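J.: One file is attached below, protein05.pdb, containing PDB, C-alpha atoms, pLDDT in the B column.
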```
ATOM      1  CA  MET A   5     -16.130   2.227 -15.292  1.00 33.00           C
ATOM      2  CA  MET A   6     -17.484   2.915 -11.839  1.00 33.00           C
ATOM      3  CA  LYS A   7     -15.238   1.660  -9.062  1.00 42.00           C
ATOM      4  CA  PRO A   8     -16.964  -0.979  -6.892  1.00 42.00           C
ATOM      5  CA  SER A   9     -17.669   0.228  -3.405  1.00 48.00           C
ATOM      6  CA  PHE A  10     -15.911  -1.215  -0.383  1.00 47.00           C
ATOM      7  CA  THR A  11     -19.317  -1.978   1.133  1.00 42.00           C
ATOM      8  CA  ASN A  12     -20.232  -4.168  -1.843  1.00 43.00           C
ATOM      9  CA  SER A  13     -16.841  -5.857  -1.717  1.00 42.00           C
ATOM     10  CA  LEU A  14     -17.286  -6.575   1.989  1.00 41.00           C
ATOM     11  CA  ALA A  15     -20.716  -8.073   1.388  1.00 35.00           C
ATOM     12  CA  CYS A  16     -19.458 -10.327  -1.408  1.00 35.00           C
ATOM     13  CA  ALA A  17     -16.497 -11.469   0.657  1.00 36.00           C
ATOM     14  CA  ALA A  18     -18.778 -12.342   3.539  1.00 33.00           C
ATOM     15  CA  LEU A  19     -20.989 -14.459   1.274  1.00 28.00           C
ATOM     16  CA  LEU A  20     -18.131 -16.214  -0.532  1.00 31.00           C
ATOM     17  CA  GLY A  21     -15.753 -16.868   2.301  1.00 36.00           C
ATOM     18  CA  ALA A  22     -17.451 -16.802   5.673  1.00 33.00           C
ATOM     19  CA  ALA A  23     -16.892 -20.487   6.327  1.00 32.00           C
ATOM     20  CA  SER A  24     -13.227 -20.389   5.284  1.00 35.00           C
ATOM     21  CA  LEU A  25     -12.466 -17.378   7.426  1.00 35.00           C
ATOM     22  CA  VAL A  26     -13.541 -18.889  10.722  1.00 35.00           C
ATOM     23  CA  ASN A  27      -9.970 -19.200  11.977  1.00 38.00           C
ATOM     24  CA  ALA A  28      -8.167 -16.996   9.450  1.00 43.00           C
ATOM     25  CA  HIS A  29      -7.481 -14.025  11.686  1.00 47.00           C
ATOM     26  CA  GLY A  30      -7.993 -15.379  15.138  1.00 45.00           C
ATOM     27  CA  ASP A  31      -4.625 -17.101  15.439  1.00 54.00           C
ATOM     28  CA  VAL A  32      -2.575 -14.204  14.076  1.00 60.00           C
ATOM     29  CA  GLN A  33      -0.057 -12.864  16.592  1.00 79.00           C
ATOM     30  CA  PRO A  34       0.337  -9.101  15.993  1.00 86.00           C
ATOM     31  CA  GLN A  35       3.911  -8.104  15.209  1.00 92.00           C
ATOM     32  CA  ALA A  36       5.255  -4.793  16.517  1.00 94.00           C
ATOM     33  CA  VAL A  37       5.808  -2.074  13.919  1.00 97.00           C
ATOM     34  CA  ASP A  38       8.781   0.293  14.181  1.00 97.00           C
ATOM     35  CA  THR A  39       7.340   3.755  13.492  1.00 98.00           C
ATOM     36  CA  THR A  40      10.599   5.668  13.946  1.00 97.00           C
ATOM     37  CA  GLY A  41      10.611   8.664  11.642  1.00 97.00           C
ATOM     38  CA  LEU A  42       6.883   9.343  11.791  1.00 98.00           C
ATOM     39  CA  PRO A  43       5.455  12.300  13.717  1.00 97.00           C
ATOM     40  CA  ALA A  44       4.117  11.133  17.067  1.00 96.00           C
ATOM     41  CA  LEU A  45       0.357  11.380  17.503  1.00 96.00           C
ATOM     42  CA  GLU A  46      -1.651  12.301  20.557  1.00 91.00           C
ATOM     43  CA  GLU A  47      -3.040   9.555  22.751  1.00 89.00           C
ATOM     44  CA  GLU A  48      -6.606  10.152  21.559  1.00 95.00           C
ATOM     45  CA  TRP A  49      -7.275   8.252  18.345  1.00 97.00           C
ATOM     46  CA  LEU A  50      -7.900  10.333  15.248  1.00 97.00           C
ATOM     47  CA  ALA A  51     -10.742   9.725  12.807  1.00 96.00           C
ATOM     48  CA  GLU A  52      -8.820  10.791   9.682  1.00 97.00           C
ATOM     49  CA  ASN A  53      -5.452   9.743   8.281  1.00 98.00           C
ATOM     50  CA  PRO A  54      -2.868  12.346   9.380  1.00 98.00           C
ATOM     51  CA  TYR A  55      -0.061  11.026   7.161  1.00 98.00           C
ATOM     52  CA  ARG A  56      -1.421  11.919   3.734  1.00 97.00           C
ATOM     53  CA  ALA A  57       0.921  14.109   1.689  1.00 96.00           C
ATOM     54  CA  GLU A  58      -1.533  16.985   1.517  1.00 95.00           C
ATOM     55  CA  THR A  59      -1.704  17.029   5.313  1.00 94.00           C
ATOM     56  CA  ALA A  60       1.760  16.014   6.516  1.00 96.00           C
ATOM     57  CA  GLY A  61       3.974  16.719   3.492  1.00 97.00           C
ATOM     58  CA  GLU A  62       5.639  14.424   0.980  1.00 96.00           C
ATOM     59  CA  GLU A  63       8.527  13.353   3.223  1.00 97.00           C
ATOM     60  CA  VAL A  64       6.233  12.132   6.002  1.00 98.00           C
ATOM     61  CA  TRP A  65       3.935  10.488   3.452  1.00 98.00           C
ATOM     62  CA  LEU A  66       6.825   8.553   1.896  1.00 97.00           C
ATOM     63  CA  LYS A  67       7.992   7.397   5.326  1.00 98.00           C
ATOM     64  CA  ALA A  68       4.430   6.339   6.209  1.00 98.00           C
ATOM     65  CA  VAL A  69       4.188   4.283   3.012  1.00 98.00           C
ATOM     66  CA  GLU A  70       7.516   2.601   3.789  1.00 97.00           C
ATOM     67  CA  ILE A  71       6.605   1.793   7.389  1.00 98.00           C
ATOM     68  CA  GLY A  72       3.056   0.882   6.443  1.00 98.00           C
ATOM     69  CA  ALA A  73       4.300  -1.642   3.884  1.00 97.00           C
ATOM     70  CA  SER A  74       6.341  -3.401   6.551  1.00 97.00           C
ATOM     71  CA  GLY A  75       3.504  -3.294   9.071  1.00 97.00           C
ATOM     72  CA  TYR A  76       0.963  -4.578   6.551  1.00 97.00           C
ATOM     73  CA  ASN A  77       3.168  -7.447   5.402  1.00 95.00           C
ATOM     74  CA  GLN A  78       3.795  -8.523   8.998  1.00 95.00           C
ATOM     75  CA  ASN A  79       0.215  -8.298  10.212  1.00 94.00           C
ATOM     76  CA  CYS A  80      -2.292  -8.138   7.361  1.00 94.00           C
ATOM     77  CA  ALA A  81      -1.002  -9.816   4.187  1.00 92.00           C
ATOM     78  CA  ARG A  82      -1.783 -13.332   5.370  1.00 90.00           C
ATOM     79  CA  CYS A  83      -5.510 -12.676   5.116  1.00 90.00           C
ATOM     80  CA  HIS A  84      -5.849  -9.590   2.923  1.00 92.00           C
ATOM     81  CA  GLY A  85      -3.206 -10.574   0.356  1.00 92.00           C
ATOM     82  CA  LEU A  86       0.244  -9.463  -0.744  1.00 89.00           C
ATOM     83  CA  GLU A  87       0.249  -5.888  -2.060  1.00 90.00           C
ATOM     84  CA  VAL A  88      -3.316  -5.723  -0.630  1.00 93.00           C
ATOM     85  CA  VAL A  89      -4.656  -7.858  -3.504  1.00 90.00           C
ATOM     86  CA  SER A  90      -7.309  -9.987  -1.811  1.00 86.00           C
ATOM     87  CA  GLY A  91      -7.815 -13.577  -2.884  1.00 81.00           C
ATOM     88  CA  GLY A  92     -11.550 -13.156  -2.370  1.00 75.00           C
ATOM     89  CA  LEU A  93     -11.990 -14.529   1.148  1.00 77.00           C
ATOM     90  CA  ALA A  94     -11.169 -11.306   2.997  1.00 83.00           C
ATOM     91  CA  PRO A  95     -12.360  -7.813   2.036  1.00 86.00           C
ATOM     92  CA  ASP A  96     -10.276  -6.073  -0.627  1.00 91.00           C
ATOM     93  CA  LEU A  97      -8.926  -3.149   1.386  1.00 95.00           C
ATOM     94  CA  ARG A  98      -7.805  -1.324  -1.758  1.00 95.00           C
ATOM     95  CA  LEU A  99     -11.457  -0.397  -2.243  1.00 94.00           C
ATOM     96  CA  LEU A 100     -11.471   1.698   0.928  1.00 96.00           C
ATOM     97  CA  GLU A 101     -11.648   5.238  -0.379  1.00 97.00           C
ATOM     98  CA  ALA A 102      -9.001   7.726   0.704  1.00 96.00           C
ATOM     99  CA  ALA A 103     -11.567   9.804   2.563  1.00 95.00           C
ATOM    100  CA  ASP A 104     -12.603  10.449   6.144  1.00 94.00           C
ATOM    101  CA  TYR A 105     -15.711   8.230   6.084  1.00 94.00           C
ATOM    102  CA  ASP A 106     -13.658   5.137   5.187  1.00 96.00           C
ATOM    103  CA  ASP A 107     -10.912   6.259   7.589  1.00 97.00           C
ATOM    104  CA  GLU A 108     -13.449   5.978  10.382  1.00 96.00           C
ATOM    105  CA  TRP A 109     -14.451   2.438   9.389  1.00 95.00           C
ATOM    106  CA  TYR A 110     -10.809   1.388   9.045  1.00 96.00           C
ATOM    107  CA  VAL A 111      -9.571   2.751  12.363  1.00 97.00           C
ATOM    108  CA  GLU A 112     -12.527   1.318  14.291  1.00 96.00           C
ATOM    109  CA  ARG A 113     -11.918  -2.144  12.828  1.00 95.00           C
ATOM    110  CA  PHE A 114      -8.149  -1.831  13.409  1.00 96.00           C
ATOM    111  CA  ARG A 115      -8.643  -0.881  17.043  1.00 96.00           C
ATOM    112  CA  THR A 116     -11.365  -3.322  18.050  1.00 95.00           C
ATOM    113  CA  GLY A 117     -11.026  -6.197  15.600  1.00 93.00           C
ATOM    114  CA  TYR A 118     -13.933  -8.261  14.349  1.00 91.00           C
ATOM    115  CA  THR A 119     -15.807 -11.136  15.975  1.00 90.00           C
ATOM    116  CA  GLN A 120     -18.665 -13.125  14.477  1.00 87.00           C
ATOM    117  CA  ASN A 121     -20.741 -15.661  16.381  1.00 89.00           C
ATOM    118  CA  GLY A 122     -18.137 -15.772  19.124  1.00 88.00           C
ATOM    119  CA  THR A 123     -15.254 -16.419  16.722  1.00 88.00           C
ATOM    120  CA  THR A 124     -12.450 -13.871  16.337  1.00 87.00           C
ATOM    121  CA  LYS A 125     -11.887 -13.277  12.651  1.00 86.00           C
ATOM    122  CA  MET A 126      -9.597 -10.302  13.159  1.00 89.00           C
ATOM    123  CA  PRO A 127      -7.759  -9.465  16.384  1.00 90.00           C
ATOM    124  CA  ALA A 128      -7.824  -6.002  17.924  1.00 94.00           C
ATOM    125  CA  PHE A 129      -4.570  -4.358  16.840  1.00 95.00           C
ATOM    126  CA  GLY A 130      -5.105  -0.938  18.405  1.00 95.00           C
ATOM    127  CA  GLU A 131      -3.499  -1.270  21.832  1.00 92.00           C
ATOM    128  CA  LEU A 132      -0.786  -3.625  20.583  1.00 93.00           C
ATOM    129  CA  LEU A 133       0.446  -1.674  17.557  1.00 96.00           C
ATOM    130  CA  GLY A 134      -0.622   1.892  18.315  1.00 96.00           C
ATOM    131  CA  GLN A 135      -2.002   4.775  16.339  1.00 97.00           C
ATOM    132  CA  GLU A 136       1.122   5.621  14.309  1.00 98.00           C
ATOM    133  CA  ALA A 137       1.312   2.066  12.959  1.00 98.00           C
ATOM    134  CA  ALA A 138      -2.408   2.063  12.203  1.00 98.00           C
ATOM    135  CA  TRP A 139      -2.248   5.159  10.036  1.00 98.00           C
ATOM    136  CA  ALA A 140       0.997   4.125   8.367  1.00 98.00           C
ATOM    137  CA  ILE A 141      -0.646   0.874   7.285  1.00 98.00           C
ATOM    138  CA  ARG A 142      -3.678   2.837   6.113  1.00 98.00           C
ATOM    139  CA  THR A 143      -1.417   5.100   4.050  1.00 98.00           C
ATOM    140  CA  TYR A 144       0.230   2.107   2.409  1.00 98.00           C
ATOM    141  CA  ILE A 145      -3.140   0.509   1.637  1.00 98.00           C
ATOM    142  CA  GLU A 146      -4.583   3.586  -0.029  1.00 97.00           C
ATOM    143  CA  THR A 147      -1.556   4.071  -2.300  1.00 97.00           C
ATOM    144  CA  ARG A 148      -1.938   0.667  -3.984  1.00 97.00           C
ATOM    145  CA  PRO A 149      -1.901   1.039  -7.767  1.00 96.00           C
ATOM    146  CA  ASP A 150      -4.623  -0.106 -10.142  1.00 95.00           C
ATOM    147  CA  GLY A 151      -3.326  -3.458 -11.392  1.00 92.00           C
ATOM    148  CA  GLU A 152      -5.325  -3.402 -14.619  1.00 94.00           C
ATOM    149  CA  VAL A 153      -3.786  -0.100 -15.698  1.00 96.00           C
ATOM    150  CA  MET A 154      -0.371  -1.317 -14.586  1.00 94.00           C
ATOM    151  CA  GLU A 155      -0.635  -4.290 -16.946  1.00 94.00           C
ATOM    152  CA  GLY A 156      -0.645  -1.910 -19.909  1.00 96.00           C
ATOM    153  CA  PHE A 157       2.877  -0.742 -19.024  1.00 97.00           C
ATOM    154  CA  VAL A 158       4.444  -4.115 -18.187  1.00 96.00           C
ATOM    155  CA  ASN A 159       6.317  -4.493 -21.489  1.00 96.00           C
ATOM    156  CA  GLU A 160       7.727  -0.966 -21.439  1.00 98.00           C
ATOM    157  CA  LEU A 161       8.715  -1.245 -17.796  1.00 98.00           C
ATOM    158  CA  GLY A 162      10.472  -4.494 -18.587  1.00 97.00           C
ATOM    159  CA  SER A 163      12.437  -2.741 -21.326  1.00 98.00           C
ATOM    160  CA  LEU A 164      13.349   0.107 -18.988  1.00 98.00           C
ATOM    161  CA  ARG A 165      14.408  -2.437 -16.376  1.00 98.00           C
ATOM    162  CA  ASP A 166      16.785  -4.021 -18.874  1.00 98.00           C
ATOM    163  CA  GLN A 167      18.265  -0.615 -19.726  1.00 97.00           C
ATOM    164  CA  LEU A 168      18.780   0.200 -16.074  1.00 98.00           C
ATOM    165  CA  ALA A 169      20.477  -3.133 -15.456  1.00 97.00           C
ATOM    166  CA  THR A 170      22.870  -2.400 -18.329  1.00 97.00           C
ATOM    167  CA  TYR A 171      23.626   1.076 -17.001  1.00 97.00           C
ATOM    168  CA  ALA A 172      24.433  -0.393 -13.605  1.00 97.00           C
ATOM    169  CA  SER A 173      27.528  -1.883 -15.250  1.00 96.00           C
ATOM    170  CA  ASP A 174      28.236   0.852 -17.816  1.00 96.00           C
ATOM    171  CA  SER A 175      26.460   4.183 -17.436  1.00 94.00           C
ATOM    172  CA  SER A 176      28.474   6.064 -20.071  1.00 94.00           C
ATOM    173  CA  SER A 177      25.538   6.239 -22.492  1.00 94.00           C
ATOM    174  CA  ALA A 178      22.799   6.659 -19.899  1.00 96.00           C
ATOM    175  CA  ASP A 179      20.485   9.653 -19.789  1.00 97.00           C
ATOM    176  CA  PRO A 180      19.245   9.710 -16.194  1.00 97.00           C
ATOM    177  CA  ASP A 181      16.965  12.685 -16.740  1.00 97.00           C
ATOM    178  CA  ALA A 182      15.185  10.985 -19.636  1.00 97.00           C
ATOM    179  CA  LEU A 183      14.842   7.708 -17.742  1.00 97.00           C
ATOM    180  CA  LYS A 184      13.515   9.429 -14.648  1.00 98.00           C
ATOM    181  CA  ALA A 185      11.113  11.528 -16.730  1.00 98.00           C
ATOM    182  CA  ARG A 186       9.654   8.517 -18.553  1.00 98.00           C
ATOM    183  CA  LEU A 187       9.209   6.495 -15.384  1.00 98.00           C
ATOM    184  CA  THR A 188       7.541   9.504 -13.788  1.00 98.00           C
ATOM    185  CA  GLU A 189       5.182   9.843 -16.763  1.00 98.00           C
ATOM    186  CA  ILE A 190       4.211   6.184 -16.419  1.00 98.00           C
ATOM    187  CA  ALA A 191       3.741   6.596 -12.671  1.00 98.00           C
ATOM    188  CA  ILE A 192       1.364   9.506 -13.257  1.00 97.00           C
ATOM    189  CA  GLU A 193      -0.701   7.342 -15.614  1.00 98.00           C
ATOM    190  CA  ILE A 194      -1.177   4.615 -12.978  1.00 97.00           C
ATOM    191  CA  PRO A 195      -3.971   5.587 -10.561  1.00 98.00           C
ATOM    192  CA  THR A 196      -4.728   4.229  -7.123  1.00 97.00           C
ATOM    193  CA  VAL A 197      -7.769   2.061  -6.503  1.00 96.00           C
ATOM    194  CA  SER A 198      -8.716   4.173  -3.481  1.00 97.00           C
ATOM    195  CA  GLY A 199      -8.750   7.521  -5.254  1.00 97.00           C
ATOM    196  CA  ALA A 200      -5.618   8.753  -3.437  1.00 97.00           C
ATOM    197  CA  PRO A 201      -3.710  11.167  -5.694  1.00 96.00           C
ATOM    198  CA  VAL A 202      -0.424   9.213  -5.982  1.00 96.00           C
ATOM    199  CA  ALA A 203       0.056   5.483  -6.498  1.00 97.00           C
ATOM    200  CA  ASP A 204       3.056   3.790  -4.925  1.00 96.00           C
ATOM    201  CA  SER A 205       3.714   1.861  -8.134  1.00 96.00           C
ATOM    202  CA  VAL A 206       7.010   0.263  -9.174  1.00 96.00           C
ATOM    203  CA  ALA A 207       7.378   3.034 -11.761  1.00 97.00           C
ATOM    204  CA  PHE A 208       7.066   5.632  -8.998  1.00 97.00           C
ATOM    205  CA  ARG A 209       9.572   3.823  -6.784  1.00 96.00           C
ATOM    206  CA  ALA A 210      12.107   3.320  -9.590  1.00 98.00           C
ATOM    207  CA  ALA A 211      11.868   6.944 -10.745  1.00 98.00           C
ATOM    208  CA  ASN A 212      12.648   8.173  -7.243  1.00 96.00           C
ATOM    209  CA  LEU A 213      15.774   6.012  -7.048  1.00 97.00           C
ATOM    210  CA  ILE A 214      17.512   7.285 -10.180  1.00 97.00           C
ATOM    211  CA  ASP A 215      20.274   9.816  -9.509  1.00 96.00           C
ATOM    212  CA  GLY A 216      22.728   9.003 -12.285  1.00 96.00           C
ATOM    213  CA  THR A 217      24.926   6.630 -10.281  1.00 97.00           C
ATOM    214  CA  PRO A 218      25.483   2.925 -11.066  1.00 97.00           C
ATOM    215  CA  ASP A 219      24.174   1.883  -7.655  1.00 97.00           C
ATOM    216  CA  ALA A 220      20.959   3.813  -8.262  1.00 98.00           C
ATOM    217  CA  TYR A 221      20.480   2.192 -11.688  1.00 98.00           C
ATOM    218  CA  ALA A 222      20.960  -1.224 -10.070  1.00 98.00           C
ATOM    219  CA  ALA A 223      18.475  -0.441  -7.304  1.00 98.00           C
ATOM    220  CA  ALA A 224      15.890   0.863  -9.788  1.00 98.00           C
ATOM    221  CA  ALA A 225      16.329  -2.217 -11.977  1.00 98.00           C
ATOM    222  CA  GLU A 226      15.858  -4.494  -8.964  1.00 97.00           C
ATOM    223  CA  THR A 227      12.746  -2.554  -7.927  1.00 96.00           C
ATOM    224  CA  LEU A 228      11.223  -3.047 -11.366  1.00 97.00           C
ATOM    225  CA  THR A 229      12.206  -6.734 -11.430  1.00 96.00           C
ATOM    226  CA  ILE A 230      10.516  -7.420  -8.099  1.00 92.00           C
ATOM    227  CA  GLY A 231       7.465  -5.341  -8.983  1.00 90.00           C
ATOM    228  CA  LEU A 232       6.987  -6.921 -12.399  1.00 90.00           C
ATOM    229  CA  SER A 233       7.390 -10.402 -10.941  1.00 86.00           C
ATOM    230  CA  ALA A 234       4.675  -9.652  -8.389  1.00 72.00           C
ATOM    231  CA  ALA A 235       2.406  -8.288 -11.138  1.00 66.00           C
ATOM    232  CA  GLN A 236       2.648 -11.590 -12.996  1.00 62.00           C
TER     233      GLN A 236
END
```
Since I need it in another form, could you write the structure as structure tokens?
T.:
Amino acid sequence: MMKPSFTNSLACAALLGAASLVNAHGDVQPQAVDTTGLPALEEEWLAENPYRAETAGEEVWLKAVEIGASGYNQNCARCHGLEVVSGGLAPDLRLLEAADYDDEWYVERFRTGYTQNGTTKMPAFGELLGQEAAWAIRTYIETRPDGEVMEGFVNELGSLRDQLATYASDSSSADPDALKARLTEIAIEIPTVSGAPVADSVAFRAANLIDGTPDAYAAAAETLTIGLSAAQ
């Protein structure tokens, strides 16, 4: 199935929700984003995301996803939806492709905001939050998993969650390598909506937590519990 374009999504959102969005963004007070741990960027704004794994390396990419999640939830989720799942009134940002042409659209809108007929529908975040925060949020957005594919693994992930919770109390029979391998296999099967190569799914997060210790099993189980609850 062909993925709907962001342009089409934007057009539909404008038709369906223009009246409801009159004051949706205008009264949002931007919240500062702590970008400690990310490489500093030059003062001149870039036109392409510098924090993708293929450009900056996996460690920087993971940090950008972490910081971007916090920044998005503080500043964007109110209108664009938790986990970037739009309720239909604001554009579904997951449909922005992980490519330079949609990077340009994103960063321009982030910097300057959006006003229609004299009404601010989205404030200008650029000067307030800065370039590092902008691209961290972009990185988080483009790693959102495909929810429809995710649904096919809900039952198995729930079973794995229960195993992990048990191993948090008694890990004597646990096989951390097998658990990590299966979660990784599931993570590989879950694509992003944007076309980015790796989805920041709950399977991906849980797999990266497992190290054979009870605390890690507990953390992975909690990650799956929260993620599966959000999926429902």
J.: Expand the PyMOL selection byres ((chain A and resi 213) around 12) into the explicit residue set it covers here, and present it as an MDAnalysis selection string.
T.: chainID A and resid 168 180:181 183:184 187:188 206:212 214:228
J.: Could you tell me how far CA of Thr119 (chain A) lies from CA of Asp38 (chain A), in Å and to one decimal?
T.: 27.2 Å
J.: One number please: CA of Thr143 (chain A) to CA of Asp204 (chain A), in Å, one decimal.
T.: 10.1 Å
J.: What is the CA of Gly91 (chain A) to CA of Gln120 (chain A) distance in Å?
T.: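 Separation of CA of Gly91 (chain A) and CA of Gln120 (chain A): 20.5 Å.
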J.: Would you please work out which residue, of A:Asp174, A:Glu193, A:Glu112, A:Asp104, is nearest to Gln135 (chain A) when using all atoms listed in the file?
T.: A:Glu112
J.: For a cutoff of 10 Å around the file-coordinate point (-7.3, -1.7, -14.9), which residues qualify once you count only C-alpha atoms? I'd like the result as a PDB file with C-alpha atoms, in the frame of the given file.
T.:
```pdb
ATOM      1  CA  MET A   5     -16.130   2.227 -15.292  1.00 33.00           C
ATOM      2  CA  PRO A 149      -1.901   1.039  -7.767  1.00 96.00           C
ATOM      3  CA  ASP A 150      -4.623  -0.106 -10.142  1.00 95.00           C
ATOM      4  CA  GLY A 151      -3.326  -3.458 -11.392  1.00 92.00           C
ATOM      5  CA  GLU A 152      -5.325  -3.402 -14.619  1.00 94.00           C
ATOM      6  CA  VAL A 153      -3.786  -0.100 -15.698  1.00 96.00           C
ATOM      7  CA  MET A 154      -0.371  -1.317 -14.586  1.00 94.00           C
ATOM      8  CA  GLU A 155      -0.635  -4.290 -16.946  1.00 94.00           C
ATOM      9  CA  GLY A 156      -0.645  -1.910 -19.909  1.00 96.00           C
ATOM     10  CA  ILE A 194      -1.177   4.615 -12.978  1.00 97.00           C
ATOM     11  CA  PRO A 195      -3.971   5.587 -10.561  1.00 98.00           C
ATOM     12  CA  VAL A 197      -7.769   2.061  -6.503  1.00 96.00           C
TER      13      VAL A 197
END
```
J.: I need the residue set behind the PyMOL selection byres ((chain A and resi 46-57) around 8) for this file; please write it as an MDAnalysis selection string.
T.: chainID A and resid 44:45 58:65 68 103:104 107:108 111 135 139:140 142:143
J.: Enumerate, as a list in words, the residues matched when the PyMOL selection byres ((chain A and resi 37) around 8) is run on the file above.
T.: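 On the file shown, the PyMOL selection byres ((chain A and resi 37) around 8) covers Gln35, Ala36, Asp38, Thr39, Ile71, Ser74, Gly75, Leu133 and Ala137 of chain A.
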J.: Taking all atoms listed in the file into account, name the residue in A:Thr196, A:Thr147, A:Gln167, A:Gln33 that is nearest to Gly72 (chain A).
T.: A:Thr147
J.: Nearest residue to Leu86 (chain A) out of A:Tyr105, A:Tyr118, A:Phe157, A:Tyr144, using all atoms listed in the file?
T.: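 For Leu86 (chain A), the nearest of the given residues is A:Tyr144.
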